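Chemist: Following this line is input_10.csv, made up of CSV, C-alpha atoms:
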chain,number,residue,atom,x,y,z
A,1,MET,CA,0.0,0.0,0.0
A,2,THR,CA,1.4,3.4,-1.0
A,3,PHE,CA,1.8,6.3,1.3
A,4,LEU,CA,-1.1,8.2,-0.2
A,5,GLU,CA,-3.4,5.2,0.2
A,6,GLN,CA,-2.4,4.8,3.9
A,7,LEU,CA,-3.0,8.5,4.4
A,8,ASN,CA,-6.5,8.2,2.9
A,9,ASN,CA,-7.4,5.2,5.1
A,10,LEU,CA,-6.5,6.9,8.4
A,11,ASP,CA,-9.4,7.1,10.9
A,12,ARG,CA,-9.5,10.6,12.2
A,13,ASN,CA,-11.6,9.5,15.2
A,14,ASP,CA,-9.0,6.9,16.2
A,15,ILE,CA,-5.6,8.5,16.1
A,16,GLY,CA,-4.2,6.0,18.5
A,17,ARG,CA,-4.4,3.3,15.8
A,18,TRP,CA,-2.5,5.4,13.3
A,19,PRO,CA,0.9,4.0,12.2
A,20,LEU,CA,3.8,5.5,14.1
A,21,LEU,CA,5.0,7.5,11.1
A,22,PHE,CA,1.7,9.4,10.8
A,23,ARG,CA,1.4,9.9,14.5
A,24,GLY,CA,4.9,11.4,14.5
A,25,LEU,CA,4.1,13.7,11.6
A,26,LEU,CA,0.9,14.9,13.3
A,27,ILE,CA,2.8,15.6,16.5
A,28,GLY,CA,5.4,17.4,14.6
A,29,MET,CA,2.9,19.6,12.8
A,30,ILE,CA,1.1,20.4,16.1
A,31,PHE,CA,4.5,21.3,17.6
A,32,VAL,CA,5.4,23.6,14.7
A,33,ILE,CA,2.0,25.3,14.9
A,34,VAL,CA,2.2,25.8,18.7
A,35,LEU,CA,5.8,27.0,18.4
A,36,SER,CA,4.9,29.5,15.7
A,37,LEU,CA,2.0,30.8,17.8
A,38,LEU,CA,4.2,31.2,20.8
A,39,CYS,CA,6.9,33.0,18.8
A,40,TRP,CA,4.3,35.3,17.4
A,41,TRP,CA,2.8,36.1,20.7
A,42,PHE,CA,5.9,36.5,22.9
A,43,VAL,CA,8.5,37.6,20.3
A,44,TRP,CA,6.9,39.3,17.3
A,45,LYS,CA,4.0,40.9,19.1
A,46,GLY,CA,6.1,42.0,22.0
A,47,GLN,CA,8.9,43.4,19.9
A,48,ARG,CA,6.6,45.0,17.2
A,49,PRO,CA,6.5,48.5,19.0
A,50,GLU,CA,10.2,48.5,19.3
A,51,LEU,CA,10.6,47.5,15.7
A,52,GLN,CA,8.3,50.3,14.6
A,53,ARG,CA,10.2,52.8,16.7
A,54,VAL,CA,13.5,51.6,15.2
A,55,GLN,CA,12.0,51.8,11.7
A,56,GLN,CA,10.8,55.3,12.3
A,57,GLU,CA,14.2,56.3,13.7
A,58,GLU,CA,15.8,54.8,10.6
A,59,GLN,CA,13.6,57.0,8.4
A,60,THR,CA,14.5,60.1,10.4
A,61,LEU,CA,18.2,59.4,10.3
A,62,ARG,CA,18.0,58.6,6.6
A,63,SER,CA,16.2,61.9,5.9
A,64,THR,CA,18.8,63.8,8.0
A,65,PHE,CA,21.6,62.2,6.2
A,66,GLU,CA,20.1,63.1,2.8
A,67,GLN,CA,19.7,66.7,3.8
A,68,ARG,CA,23.2,66.9,5.1
A,69,GLN,CA,24.5,65.2,2.0
A,70,ARG,CA,22.8,67.8,-0.2
A,71,LYS,CA,24.2,70.6,1.9
A,72,ALA,CA,27.7,69.1,1.6
A,73,ALA,CA,27.3,68.7,-2.1
A,74,ASN,CA,26.3,72.4,-2.4
A,75,PHE,CA,28.9,73.6,0.2
A,76,ASP,CA,31.4,74.9,-2.5
A,77,ALA,CA,28.6,76.8,-4.3
A,78,TYR,CA,27.4,78.3,-0.9
A,79,LYS,CA,31.0,79.3,-0.1
A,80,GLN,CA,31.4,80.9,-3.5
A,81,GLN,CA,28.2,82.9,-3.1
A,82,LEU,CA,29.3,84.0,0.4
A,83,GLU,CA,32.6,85.2,-1.1
A,84,GLU,CA,30.7,87.1,-3.8
A,85,MET,CA,28.4,88.7,-1.3
A,86,ASN,CA,31.4,89.7,0.9
A,87,THR,CA,33.0,91.3,-2.2
A,88,ILE,CA,29.8,93.2,-3.1
A,89,PHE,CA,29.4,94.3,0.5
A,90,GLY,CA,33.0,95.5,0.7
A,91,THR,CA,32.5,97.4,-2.6
A,92,MET,CA,29.4,99.1,-1.3
A,93,LEU,CA,31.0,99.8,2.1
A,94,ARG,CA,33.9,101.6,0.4
A,95,GLN,CA,31.3,103.8,-1.3
A,96,LEU,CA,30.3,105.1,2.2
A,97,PRO,CA,32.4,108.0,3.2
A,98,GLY,CA,34.0,108.3,6.6
A,99,LYS,CA,33.1,111.1,9.1
A,100,THR,CA,36.0,113.3,7.9
A,101,GLU,CA,35.0,112.9,4.2
A,102,VAL,CA,31.4,114.1,4.6
A,103,PRO,CA,32.1,117.8,4.3
A,104,ASN,CA,33.9,117.3,1.0
A,105,LEU,CA,31.0,115.1,-0.2
A,106,LEU,CA,28.5,117.9,0.6
A,107,VAL,CA,30.7,120.3,-1.4
A,108,ASP,CA,30.6,117.8,-4.3
A,109,ILE,CA,26.8,117.7,-4.3
A,110,SER,CA,26.6,121.5,-4.3
A,111,GLN,CA,29.2,121.8,-7.0
A,112,THR,CA,27.3,119.3,-9.2
A,113,GLY,CA,24.3,121.5,-9.2
A,114,LEU,CA,26.3,124.6,-10.0
A,115,ALA,CA,28.2,122.8,-12.7
A,116,ALA,CA,24.9,121.9,-14.3
A,117,GLY,CA,24.0,125.6,-14.5
A,118,LEU,CA,21.4,125.5,-11.8
A,119,GLU,CA,20.9,128.2,-9.2
A,120,GLU,CA,21.0,127.0,-5.7
A,121,LYS,CA,18.2,128.4,-3.6
A,122,LEU,CA,18.4,126.0,-0.6
A,123,PHE,CA,21.1,123.6,0.7
A,124,GLN,CA,20.1,122.6,4.2
A,125,LYS,CA,21.8,119.8,6.0
A,126,MET,CA,19.3,117.9,8.3
A,127,GLY,CA,19.9,115.9,11.4
A,128,GLU,CA,21.9,112.7,11.1
A,129,VAL,CA,20.0,109.4,11.4
A,130,ARG,CA,22.0,106.4,12.7
A,131,ARG,CA,21.3,102.9,11.7
A,132,ASP,CA,23.1,99.6,12.5
A,133,PHE,CA,26.5,100.3,11.0
A,134,TYR,CA,25.9,103.4,9.0
A,135,ALA,CA,24.3,106.9,9.3
A,136,GLU,CA,21.9,108.7,6.9
A,137,LEU,CA,22.7,112.3,6.1
A,138,PRO,CA,19.6,114.0,4.6
A,139,ILE,CA,20.0,117.3,2.8
A,140,LYS,CA,17.1,119.6,1.7
A,141,ILE,CA,17.9,121.0,-1.7
A,142,ARG,CA,16.1,123.6,-3.9
A,143,LEU,CA,17.5,124.4,-7.3
A,144,THR,CA,16.2,126.4,-10.3
A,145,GLY,CA,17.0,126.0,-14.0
A,146,ASN,CA,15.7,124.5,-17.2
A,147,TYR,CA,14.7,120.8,-17.8
A,148,HIS,CA,18.1,120.0,-19.4
A,149,GLU,CA,20.0,121.4,-16.5
A,150,LEU,CA,18.0,119.4,-14.0
A,151,GLY,CA,18.7,116.2,-16.0
A,152,THR,CA,22.4,117.1,-16.0
A,153,PHE,CA,22.3,117.5,-12.2
A,154,VAL,CA,20.7,114.1,-11.6
A,155,SER,CA,23.1,112.4,-13.9
A,156,GLY,CA,26.0,114.1,-12.2
A,157,ILE,CA,24.8,112.9,-8.8
A,158,ALA,CA,24.6,109.4,-10.1
A,159,ALA,CA,28.1,109.6,-11.4
A,160,LEU,CA,29.6,110.6,-8.0
A,161,PRO,CA,31.8,107.8,-6.4
A,162,ARG,CA,29.8,107.9,-3.2
A,163,ILE,CA,26.3,106.5,-2.7
A,164,ILE,CA,23.7,109.3,-2.9
A,165,THR,CA,19.9,108.7,-3.2
A,166,LEU,CA,17.3,111.3,-4.1
A,167,HIS,CA,13.9,111.4,-2.3
A,168,ASP,CA,10.7,113.5,-2.2
A,169,ILE,CA,11.4,115.0,-5.7
A,170,GLU,CA,9.1,117.8,-6.7
A,171,ILE,CA,9.4,119.8,-9.9
A,172,ARG,CA,7.3,122.9,-10.6
A,173,PRO,CA,7.5,126.1,-12.7
A,174,ALA,CA,9.7,128.7,-11.0
A,175,GLU,CA,7.0,131.2,-11.7
A,176,LYS,CA,3.4,131.0,-12.8
A,177,ASP,CA,4.0,132.5,-16.2
A,178,THR,CA,7.2,130.7,-17.1
A,179,VAL,CA,7.6,127.2,-18.5
A,180,ASP,CA,11.3,126.9,-19.2
A,181,GLU,CA,12.4,127.9,-15.7
A,182,LEU,CA,11.7,125.1,-13.2
A,183,THR,CA,12.2,124.7,-9.5
A,184,LEU,CA,13.4,121.3,-8.2
A,185,ASP,CA,12.8,120.4,-4.5
A,186,LEU,CA,14.3,117.2,-3.2
A,187,THR,CA,15.9,115.5,-0.3
A,188,ALA,CA,19.3,114.0,-1.1
A,189,LYS,CA,20.5,111.3,1.3
A,190,THR,CA,24.1,110.4,1.5
A,191,TYR,CA,25.5,107.8,3.9
A,192,ARG,CA,28.6,107.3,6.0
A,193,TYR,CA,29.8,104.3,7.9
A,194,LEU,CA,30.1,104.5,11.7
A,195,ASP,CA,33.4,103.9,13.5
A,196,GLU,CA,33.6,101.3,16.2
A,197,GLU,CA,32.9,103.8,19.1
A,198,GLU,CA,29.8,105.1,17.3
A,199,MET,CA,28.5,101.6,16.6
A,200,VAL,CA,28.9,100.7,20.3
A,201,ASP,CA,27.2,103.9,21.3
A,202,THR,CA,24.3,103.3,18.8
A,203,GLN,CA,23.8,99.8,20.0
A,204,SER,CA,23.8,100.8,23.7
A,205,LYS,CA,21.1,103.4,23.0
A,206,ALA,CA,18.9,101.1,20.9
A,207,PRO,CA,15.7,100.1,22.6
A,208,ASP,CA,15.4,96.5,23.8
A,209,LYS,CA,13.3,94.8,21.1
A,210,GLY,CA,12.4,92.0,23.5
A,211,LYS,CA,11.2,94.3,26.2
A,212,ARG,CA,7.4,94.4,26.5
A,213,LYS,CA,5.8,97.8,26.7
Spit out the file's structure as C-alpha cells when you get a sec.
Modeler:
Amino acid sequence: MTFLEQLNNLDRNDIGRWPLLFRGLLIGMIFVIVLSLLCWWFVWKGQRPELQRVQQEEQTLRSTFEQRQRKAANFDAYKQQLEEMNTIFGTMLRQLPGKTEVPNLLVDISQTGLAAGLEEKLFQKMGEVRRDFYAELPIKIRLTGNYHELGTFVSGIAALPRIITLHDIEIRPAEKDTVDELTLDLTAKTYRYLDEEEMVDTQSKAPDKGKRK
C-alpha cells in the first residue's frame, strides 16, 4: 500500500491506531504550529512597537543624512556665493564716506548743481539718522533751472563715487507765467559708515526689542 493510500485510510476518530510514522508527523505539525503561535505572541507581538520605533528612527536618520548630503554637495557653491556677497558688500562699504569725508561730499553735491548751470536756492543739512553700521545724512535742496540742467544735475549725482539717493522729488514752474524755468525740490541722502565707538554707542542706545511695553 502506498503512502497516499495509507493517508486516505486513516481514521480521524481513532488517532491511537495510526501508524507510528503518521502519529509522528501529526505531533510534529502540532509542535510547529504551537511553536509558531508562541513565537508570534511572545517575540513578534512583544517586539513590534520597538521594531516600529526603530524603523521610524531609521527613516528620520536617513532623511537627516540626505539633507546633510545635499548641503555638503552644495557647500562649494554656498562658499562661492558668500565670497561674492562679501566682495559686493565690501565694494558698497567703500562707497560710504567716513566722518571726515562728509564735508567734501557735501561740497561735491553742491558743485554738481552749480556745474549743471542751476541756481542753488536752498542747501540745508538735516539731522543725522544712525542705523546699525551706517548713518543717513539727509539734505534739503532747492534748485532752479531748465529741464536739461535738471537732468544734467541728476546724472552728475549718479556719477559721483559715493552713494547718494534722491527722495521727495518735486518739480514745478519757477513762476506762474514761465515754463522753461523750473524749481526742483528734493531730499538728497548720503550715507557714512560708523566707526567702532559710534557703533557701540548706537547699540547701547537702541531700545530693547524683546522688552514688552
Chemist: Please report the interatomic distance between CA of Arg142 in chain A and CA of Ile157 in chain A in Å with one decimal.
Modeler: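 Separation between CA of Arg142 in chain A and CA of Ile157 in chain A: 14.6 Å.
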Chemist: For CA of Thr190 in chain A and CA of His148 in chain A, quote the distance in Å rounded to one decimal.
Modeler: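 Atom-to-atom, CA of Thr190 in chain A to CA of His148 in chain A, that is 23.8 Å.
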Chemist: Find the residues around range 132-136 of chain A up to 7 Å (only C-alpha atoms counted), leave out those fewer than 2 positions away in its own chain, and share them as a list in words.
Modeler: Glu128, Val129, Arg130, Pro138, Lys189, Thr190, Tyr191, Arg192, Tyr193, Leu194 and Met199 of chain A
Chemist: With a distance cut-off of 10 Å and all atoms listed in the file, select the neighbouring residues of Gly117 in chain A, excluding the residue or stretch itself and same-chain residues fewer than 6 positions from it, and output the selection as a PDB file with C-alpha atoms, in the coordinates of the input.
Modeler:
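Okay, result28.pdb is ready:
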ATOM      1  CA  GLN A 111      29.200 121.800  -7.000  1.00  0.00           C
ATOM      2  CA  LEU A 143      17.500 124.400  -7.300  1.00  0.00           C
ATOM      3  CA  THR A 144      16.200 126.400 -10.300  1.00  0.00           C
ATOM      4  CA  GLY A 145      17.000 126.000 -14.000  1.00  0.00           C
ATOM      5  CA  ASN A 146      15.700 124.500 -17.200  1.00  0.00           C
ATOM      6  CA  HIS A 148      18.100 120.000 -19.400  1.00  0.00           C
ATOM      7  CA  GLU A 149      20.000 121.400 -16.500  1.00  0.00           C
ATOM      8  CA  LEU A 150      18.000 119.400 -14.000  1.00  0.00           C
ATOM      9  CA  THR A 152      22.400 117.100 -16.000  1.00  0.00           C
ATOM     10  CA  PHE A 153      22.300 117.500 -12.200  1.00  0.00           C
TER      11      PHE A 153
END
Chemist: For CA of Asn104 in chain A and CA of Arg162 in chain A, determine how far apart the two atoms are, in Å to one decimal place.
Modeler: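 It comes out at 11.1 Å.
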Chemist: Skip Asp185 in chain A itself and residues of its chain fewer than 5 positions away, then list as a PyMOL selection string all residues within 8 Å of it, counting only C-alpha atoms.
Modeler: chain A and resi 140-143+168-171
Chemist: Taking into account only C-alpha atoms, which residue in the set A:Gly127, A:Gly156, A:Gly151, A:Gly24 is nearest to Thr112 in chain A?
Modeler: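 Closest residue, counting only C-alpha atoms: A:Gly156.
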